[in-house]
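Let me begin by presenting the structure, written as structure tokens, before commenting on it.
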Amino acid sequence: MSRHELTQRIKQHALELGFDLVGVAPAQGSPELDFYEKWLAAGYAGDMHYLSRTQERRSDLQKVLPGARSVVVCGLNYDTPYPYSTDHDDSRRGWVARYAWGEDYHGVLEDKLQRLRDFAATLLPLEAASKLYVDTGPVVERVYAKYAGLGWFGKNTCLLNKRLGSWLLLGVLVLTVPLDIDHPTPDHCGTCTRCLDACPTEAFPEPYVLDARRCISYLTIELKTAIPEDLRAPMGSHVLGCDICQDVCPWNRKRHFTAEPSLQPRPQHMHPDLEELARLTLEAFRQRFRGAALERPKRRGLLRNVCVAMGNSGNRAFIPVLEDLLQDKEPLIREHAAWALDQLRDAPARPADPAPTRPSRT
């Protein structure tokens, strides 16, 4: 089988498995991977120390899979027909990033990539080797996605595709056989800076550079300690992740909705009731979010975020539940509950706020 035919058959099967985009990148270095070391040195990774520990492997695929020649990059659209966070205006509810509304995307993409890997194995020489990654190993997927022609880096560092925008989940299949290589997509952002201007925590020190320490996604998921006080108010109602820089992007105006069943939203994951979350016991938290993205910050992290969202809501009906959280066994939760109470006690009463209640804990 010729290289061209092999490439086309693998690409076609990826599309048949439900991927929306597929391309092939060379298994070699790039300016973006060189910059990664400088980004780490600047401290922009914050407490994500695992990124430094795996930096050498992330910069050289040969350390991940010796003899690597090609990287098959697959993209799956995850947008669904529901409003953007910029349209959210309900003081009683928090905001969860769009990618976390359905099943855990890692499992969804890994299943599809494994089936693609099994298919490719029927076409490849017996000595060929492969590895697959979905945001869980020492591979910077979006860099290879750029060189596979799936899109370009927006100024918010997200991968942008002219047809699908930035609502893309990425996975890669690394192979030790050569395939036809695709060409990178040119930058189509022009002079637009809407994503940079919209970031409430000013997480972009310059275009194409993200300071994760100020990013709401980092603050609500990766950070395990107290959220810096100067960043709490700008977080608004976000309790897990953030979509703002994508919501305002002009390339996301023409929306394409996924048909993937596993990525369809679960109502309890989209815009959860803040008081309901605040009253979750540890066992109730585990039962509700087991296997979901909302499980990642653990109960202590999620309720820390909930306290901040309540403090930012201006809704004084949250005062009773926050007073209850002052007795929580987790110091992290107690500290953020005290901060939120200070914000609400200074806030004017809202006519639409319901009367304060003290329901029993779940």
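If you're wondering about the labels, chains in the structure tokens are A, B, ... by order shown, residues count from 1 in each chain, ligands from 1 in order shown.
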
Near Thr122 in chain A, counting only C-alpha atoms, which residues have an atom at most 12 Å away, once you skip same-chain residues fewer than 5 positions from it, shown as a PyMOL selection string?
-> chain A and resi 1+6+9-10+115-117+127-128

Selected residues written out, C-alpha atoms, as a PDB file, in the first residue's frame:
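New file out_37.pdb:
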ATOM      1  CA  MET A   1       0.000   0.000   0.000  1.00  0.00           C
ATOM      2  CA  LEU A   6      -2.452   4.555   3.774  1.00  0.00           C
ATOM      3  CA  ARG A   9      -7.614   5.301   4.571  1.00  0.00           C
ATOM      4  CA  ILE A  10      -6.642   6.309   8.119  1.00  0.00           C
ATOM      5  CA  ARG A 115     -10.631   2.172  17.434  1.00  0.00           C
ATOM      6  CA  LEU A 116      -8.642   4.219  14.935  1.00  0.00           C
ATOM      7  CA  ARG A 117      -5.449   2.702  16.294  1.00  0.00           C
ATOM      8  CA  GLU A 127       6.937  -3.853  13.552  1.00  0.00           C
ATOM      9  CA  ALA A 128       5.132  -0.484  13.541  1.00  0.00           C
TER      10      ALA A 128
END

All residues 12 Å or closer to Lys38 in chain A, only C-alpha atoms, same chain fewer than 5 positions away omitted, as a VMD selection string = chain A and resid 31 to 33 43 to 45 52 55 59 209

Go ahead and dump the residues you just picked, C-alpha atoms, as a tab-separated table (two decimals), in the first residue's frame.
chain	number	residue	atom	x	y	z
A	31	PRO	CA	8.88	27.12	17.33
A	32	GLU	CA	5.85	26.65	19.56
A	33	LEU	CA	7.48	23.73	21.39
A	43	GLY	CA	6.28	30.95	35.82
A	44	TYR	CA	3.09	31.07	33.77
A	45	ALA	CA	2.26	27.44	34.64
A	52	SER	CA	7.91	21.13	34.14
A	55	GLN	CA	8.88	19.36	29.64
A	59	SER	CA	9.46	18.99	23.42
A	209	VAL	CA	0.58	34.13	25.60

Considering only C-alpha atoms, tabulate each residue of range 30-97 of chain A that lies at most 7 Å from range 251-269 of chain A along with its nearest interatomic pair and the corresponding distance in Å to one decimal; arrange the rows by chain and ascending residue number and present them as CSV.
residue,atom,partner,partner_atom,distance
A:Asn77,CA,A:Thr258,CA,5.7
A:Tyr78,CA,A:Thr258,CA,5.5
A:Asp79,CA,A:Phe257,CA,5.1
A:Thr80,CA,A:Phe257,CA,4.8
A:Pro81,CA,A:Phe257,CA,6.3
A:Val96,CA,A:His269,CA,6.9

Residues from the last selection, C-alpha atoms, saved as a PDB file, in the first residue's frame:
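Below is the file part16.pdb, written as the result:
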ATOM      1  CA  ASN A  77     -16.577  19.581  17.918  1.00  0.00           C
ATOM      2  CA  TYR A  78     -18.317  19.871  21.286  1.00  0.00           C
ATOM      3  CA  ASP A  79     -20.572  22.901  20.864  1.00  0.00           C
ATOM      4  CA  THR A  80     -24.261  22.399  21.670  1.00  0.00           C
ATOM      5  CA  PRO A  81     -27.306  24.636  21.081  1.00  0.00           C
ATOM      6  CA  VAL A  96     -19.551  25.507  34.160  1.00  0.00           C
TER       7      VAL A  96
END

Which is closest to Leu274 in chain A among A:Asp34, A:Glu206, A:Asp20, A:Asp90, if we use only C-alpha atoms?
->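 Once distances to Leu274 in chain A are computed over only C-alpha atoms, the minimum belongs to A:Asp90.
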
Which is closest to Arg57 in chain A among A:Arg304, A:Ala121, A:Val139, A:Arg93, if we use only C-alpha atoms?
-> A:Val139

Mind the document's chain letters and residue numbers, and return as a ChimeraX atom specification the residues of range 130-348 of chain A that DSSP labels strand (DSSP E).
-> /A:130-133,152-153,159-160,168-175,238-240

Only N, CA and C atoms, please: the residues just picked out, written as an mmCIF file, in the first residue's frame.
data_model
loop_
_atom_site.group_PDB
_atom_site.id
_atom_site.type_symbol
_atom_site.label_atom_id
_atom_site.label_comp_id
_atom_site.auth_asym_id
_atom_site.auth_seq_id
_atom_site.Cartn_x
_atom_site.Cartn_y
_atom_site.Cartn_z
ATOM 1 N N SER A 130 2.762 2.481 17.965
ATOM 2 C CA SER A 130 1.892 3.659 18.050
ATOM 3 C C SER A 130 1.549 3.953 19.501
ATOM 4 N N LYS A 131 1.186 5.204 19.751
ATOM 5 C CA LYS A 131 0.668 5.624 21.046
ATOM 6 C C LYS A 131 -0.402 6.670 20.813
ATOM 7 N N LEU A 132 -1.381 6.720 21.711
ATOM 8 C CA LEU A 132 -2.441 7.726 21.592
ATOM 9 C C LEU A 132 -2.507 8.561 22.860
ATOM 10 N N TYR A 133 -2.896 9.822 22.681
ATOM 11 C CA TYR A 133 -2.974 10.750 23.812
ATOM 12 C C TYR A 133 -4.178 11.672 23.659
ATOM 13 N N TRP A 152 -5.371 27.359 13.398
ATOM 14 C CA TRP A 152 -4.270 28.213 13.820
ATOM 15 C C TRP A 152 -4.487 28.608 15.281
ATOM 16 N N PHE A 153 -3.448 29.125 15.917
ATOM 17 C CA PHE A 153 -3.570 29.579 17.300
ATOM 18 C C PHE A 153 -4.207 30.960 17.329
ATOM 19 N N LEU A 159 -6.919 26.718 19.686
ATOM 20 C CA LEU A 159 -6.870 26.397 18.272
ATOM 21 C C LEU A 159 -8.165 26.858 17.613
ATOM 22 N N LEU A 160 -8.042 27.559 16.480
ATOM 23 C CA LEU A 160 -9.204 28.065 15.754
ATOM 24 C C LEU A 160 -9.282 27.432 14.371
ATOM 25 N N LEU A 168 -13.279 22.738 20.090
ATOM 26 C CA LEU A 168 -12.673 21.514 19.588
ATOM 27 C C LEU A 168 -11.970 20.749 20.707
ATOM 28 N N LEU A 169 -12.227 19.455 20.755
ATOM 29 C CA LEU A 169 -11.480 18.540 21.606
ATOM 30 C C LEU A 169 -10.476 17.823 20.720
ATOM 31 N N LEU A 170 -9.243 17.681 21.196
ATOM 32 C CA LEU A 170 -8.170 17.151 20.363
ATOM 33 C C LEU A 170 -7.586 15.868 20.943
ATOM 34 N N GLY A 171 -7.216 14.974 20.059
ATOM 35 C CA GLY A 171 -6.503 13.759 20.434
ATOM 36 C C GLY A 171 -5.521 13.409 19.337
ATOM 37 N N VAL A 172 -4.451 12.694 19.677
ATOM 38 C CA VAL A 172 -3.431 12.365 18.685
ATOM 39 C C VAL A 172 -3.104 10.884 18.718
ATOM 40 N N LEU A 173 -2.738 10.376 17.545
ATOM 41 C CA LEU A 173 -2.234 9.016 17.382
ATOM 42 C C LEU A 173 -0.843 9.136 16.778
ATOM 43 N N VAL A 174 0.176 8.795 17.565
ATOM 44 C CA VAL A 174 1.566 8.902 17.125
ATOM 45 C C VAL A 174 1.986 7.570 16.513
ATOM 46 N N LEU A 175 2.569 7.625 15.314
ATOM 47 C CA LEU A 175 2.942 6.411 14.576
ATOM 48 C C LEU A 175 4.417 6.419 14.209
ATOM 49 N N HIS A 238 -18.327 31.851 37.745
ATOM 50 C CA HIS A 238 -17.668 30.629 37.270
ATOM 51 C C HIS A 238 -17.312 29.703 38.435
ATOM 52 N N VAL A 239 -17.759 28.467 38.342
ATOM 53 C CA VAL A 239 -17.421 27.476 39.362
ATOM 54 C C VAL A 239 -16.530 26.366 38.817
ATOM 55 N N LEU A 240 -16.426 26.243 37.493
ATOM 56 C CA LEU A 240 -15.491 25.287 36.894
ATOM 57 C C LEU A 240 -15.211 25.706 35.456
#

Which residue of A:Pro138, A:Lys224, A:Asp247, A:Gln343 approaches Glu56 in chain A most closely, using only C-alpha atoms =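 Smallest separation from Glu56 in chain A among the options: A:Pro138.
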
Proximity to Tyr50 in chain A - best of A:Gln287, A:Thr136, A:Ser313, A:Ser70, only C-alpha atoms =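 Between A:Gln287, A:Thr136, A:Ser313, A:Ser70, the residue approaching Tyr50 in chain A most closely is A:Thr136.
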
Quick one: residues within 10 Å of range 329-337 of chain A, only C-alpha atoms counted, chain neighbours fewer than 4 positions away excluded, as a PDB file with N, CA and C atoms, in the first residue's frame?
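Generated file (out-v5.pdb):
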ATOM      1  N   LYS A 224      -5.031  24.387  43.866  1.00  0.00           N
ATOM      2  CA  LYS A 224      -5.559  23.604  44.989  1.00  0.00           C
ATOM      3  C   LYS A 224      -5.629  24.403  46.285  1.00  0.00           C
ATOM      4  N   THR A 225      -5.096  25.608  46.280  1.00  0.00           N
ATOM      5  CA  THR A 225      -5.061  26.424  47.485  1.00  0.00           C
ATOM      6  C   THR A 225      -6.038  27.595  47.352  1.00  0.00           C
ATOM      7  N   ALA A 226      -5.878  28.608  48.184  1.00  0.00           N
ATOM      8  CA  ALA A 226      -6.787  29.759  48.161  1.00  0.00           C
ATOM      9  C   ALA A 226      -6.632  30.557  46.872  1.00  0.00           C
ATOM     10  N   ILE A 227      -7.739  31.033  46.348  1.00  0.00           N
ATOM     11  CA  ILE A 227      -7.726  31.902  45.166  1.00  0.00           C
ATOM     12  C   ILE A 227      -7.269  33.287  45.598  1.00  0.00           C
ATOM     13  N   GLU A 229      -7.083  37.007  46.413  1.00  0.00           N
ATOM     14  CA  GLU A 229      -8.252  37.856  46.645  1.00  0.00           C
ATOM     15  C   GLU A 229      -8.515  38.829  45.515  1.00  0.00           C
ATOM     16  N   ARG A 232     -10.725  37.199  42.793  1.00  0.00           N
ATOM     17  CA  ARG A 232     -12.023  36.586  43.114  1.00  0.00           C
ATOM     18  C   ARG A 232     -13.196  37.335  42.476  1.00  0.00           C
ATOM     19  N   ALA A 278     -23.537  24.131  47.355  1.00  0.00           N
ATOM     20  CA  ALA A 278     -22.938  24.478  48.643  1.00  0.00           C
ATOM     21  C   ALA A 278     -23.335  23.517  49.744  1.00  0.00           C
ATOM     22  N   ARG A 299     -14.466  18.138  46.292  1.00  0.00           N
ATOM     23  CA  ARG A 299     -15.513  18.928  46.957  1.00  0.00           C
ATOM     24  C   ARG A 299     -14.937  20.231  47.508  1.00  0.00           C
ATOM     25  N   ARG A 300     -13.761  20.159  48.125  1.00  0.00           N
ATOM     26  CA  ARG A 300     -13.194  21.362  48.756  1.00  0.00           C
ATOM     27  C   ARG A 300     -12.921  22.439  47.719  1.00  0.00           C
ATOM     28  N   GLY A 301     -12.456  22.051  46.533  1.00  0.00           N
ATOM     29  CA  GLY A 301     -12.180  23.032  45.498  1.00  0.00           C
ATOM     30  C   GLY A 301     -13.447  23.583  44.876  1.00  0.00           C
ATOM     31  N   LEU A 302     -14.418  22.699  44.630  1.00  0.00           N
ATOM     32  CA  LEU A 302     -15.659  23.155  44.007  1.00  0.00           C
ATOM     33  C   LEU A 302     -16.421  24.092  44.945  1.00  0.00           C
ATOM     34  N   LEU A 303     -16.499  23.741  46.226  1.00  0.00           N
ATOM     35  CA  LEU A 303     -17.217  24.613  47.158  1.00  0.00           C
ATOM     36  C   LEU A 303     -16.453  25.906  47.416  1.00  0.00           C
ATOM     37  N   ARG A 304     -15.134  25.878  47.326  1.00  0.00           N
ATOM     38  CA  ARG A 304     -14.363  27.124  47.351  1.00  0.00           C
ATOM     39  C   ARG A 304     -14.826  28.035  46.227  1.00  0.00           C
ATOM     40  N   ASN A 305     -14.953  27.462  45.017  1.00  0.00           N
ATOM     41  CA  ASN A 305     -15.393  28.231  43.854  1.00  0.00           C
ATOM     42  C   ASN A 305     -16.830  28.714  44.015  1.00  0.00           C
ATOM     43  N   VAL A 306     -17.670  27.864  44.583  1.00  0.00           N
ATOM     44  CA  VAL A 306     -19.070  28.224  44.811  1.00  0.00           C
ATOM     45  C   VAL A 306     -19.166  29.420  45.758  1.00  0.00           C
ATOM     46  N   CYS A 307     -18.342  29.427  46.791  1.00  0.00           N
ATOM     47  CA  CYS A 307     -18.356  30.559  47.725  1.00  0.00           C
ATOM     48  C   CYS A 307     -18.010  31.859  47.004  1.00  0.00           C
ATOM     49  N   VAL A 308     -17.009  31.797  46.128  1.00  0.00           N
ATOM     50  CA  VAL A 308     -16.627  32.996  45.387  1.00  0.00           C
ATOM     51  C   VAL A 308     -17.776  33.452  44.497  1.00  0.00           C
ATOM     52  N   MET A 310     -20.950  32.939  44.923  1.00  0.00           N
ATOM     53  CA  MET A 310     -21.988  33.512  45.782  1.00  0.00           C
ATOM     54  C   MET A 310     -21.609  34.928  46.220  1.00  0.00           C
ATOM     55  N   GLY A 311     -20.354  35.111  46.575  1.00  0.00           N
ATOM     56  CA  GLY A 311     -19.918  36.439  46.989  1.00  0.00           C
ATOM     57  C   GLY A 311     -20.025  37.462  45.879  1.00  0.00           C
ATOM     58  N   ILE A 319     -26.643  34.388  52.203  1.00  0.00           N
ATOM     59  CA  ILE A 319     -25.987  34.600  53.499  1.00  0.00           C
ATOM     60  C   ILE A 319     -26.171  33.415  54.447  1.00  0.00           C
ATOM     61  N   VAL A 321     -26.609  30.152  53.886  1.00  0.00           N
ATOM     62  CA  VAL A 321     -25.810  28.969  53.524  1.00  0.00           C
ATOM     63  C   VAL A 321     -24.325  29.249  53.700  1.00  0.00           C
ATOM     64  N   LEU A 322     -23.902  30.473  53.446  1.00  0.00           N
ATOM     65  CA  LEU A 322     -22.499  30.817  53.664  1.00  0.00           C
ATOM     66  C   LEU A 322     -22.157  30.797  55.151  1.00  0.00           C
ATOM     67  N   GLU A 323     -23.089  31.204  55.978  1.00  0.00           N
ATOM     68  CA  GLU A 323     -22.872  31.126  57.424  1.00  0.00           C
ATOM     69  C   GLU A 323     -22.726  29.670  57.858  1.00  0.00           C
ATOM     70  N   ASP A 324     -23.490  28.787  57.235  1.00  0.00           N
ATOM     71  CA  ASP A 324     -23.341  27.357  57.525  1.00  0.00           C
ATOM     72  C   ASP A 324     -21.961  26.864  57.104  1.00  0.00           C
ATOM     73  N   LEU A 325     -21.472  27.354  55.963  1.00  0.00           N
ATOM     74  CA  LEU A 325     -20.176  26.903  55.466  1.00  0.00           C
ATOM     75  C   LEU A 325     -19.018  27.395  56.339  1.00  0.00           C
ATOM     76  N   LEU A 341     -19.175  36.268  52.520  1.00  0.00           N
ATOM     77  CA  LEU A 341     -20.090  36.943  53.438  1.00  0.00           C
ATOM     78  C   LEU A 341     -19.774  38.429  53.541  1.00  0.00           C
ATOM     79  N   ASP A 342     -18.512  38.761  53.567  1.00  0.00           N
ATOM     80  CA  ASP A 342     -18.128  40.173  53.606  1.00  0.00           C
ATOM     81  C   ASP A 342     -18.644  40.915  52.379  1.00  0.00           C
ATOM     82  N   GLN A 343     -18.586  40.257  51.219  1.00  0.00           N
ATOM     83  CA  GLN A 343     -19.063  40.903  49.990  1.00  0.00           C
ATOM     84  C   GLN A 343     -20.574  41.110  50.033  1.00  0.00           C
TER      85      GLN A 343
END

Taking the chain letters and numbering used in this document, name the residues of range 96-290 of chain A that DSSP puts in helix (DSSP H, G or I), as a ChimeraX atom specification.
-> /A:98-100,105-121,141-147,194-198,212-214,216-222,229-235,244-247,250-252,261-263,267-270,274-278,282-289

Find the residue from A:Ala292, A:Lys11, A:Lys112, A:Thr176 that sits nearest to Pro66 in chain A; use only C-alpha atoms when measuring.
->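 The answer is A:Thr176, which sits nearest to Pro66 in chain A.
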
Go through A:Gln246, A:Gly291, A:Ala14, A:Cys199 and flag the residue nearest Asp118 in chain A, using only C-alpha atoms for the distances.
->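 Smallest distance to Asp118 in chain A is found for A:Ala14.
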
Separation of CA of Pro200 in chain A from CA of Ile244 in chain A, in Å and rounded to one decimal |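 For CA of Pro200 in chain A relative to CA of Ile244 in chain A, the distance reads 8.5 Å.
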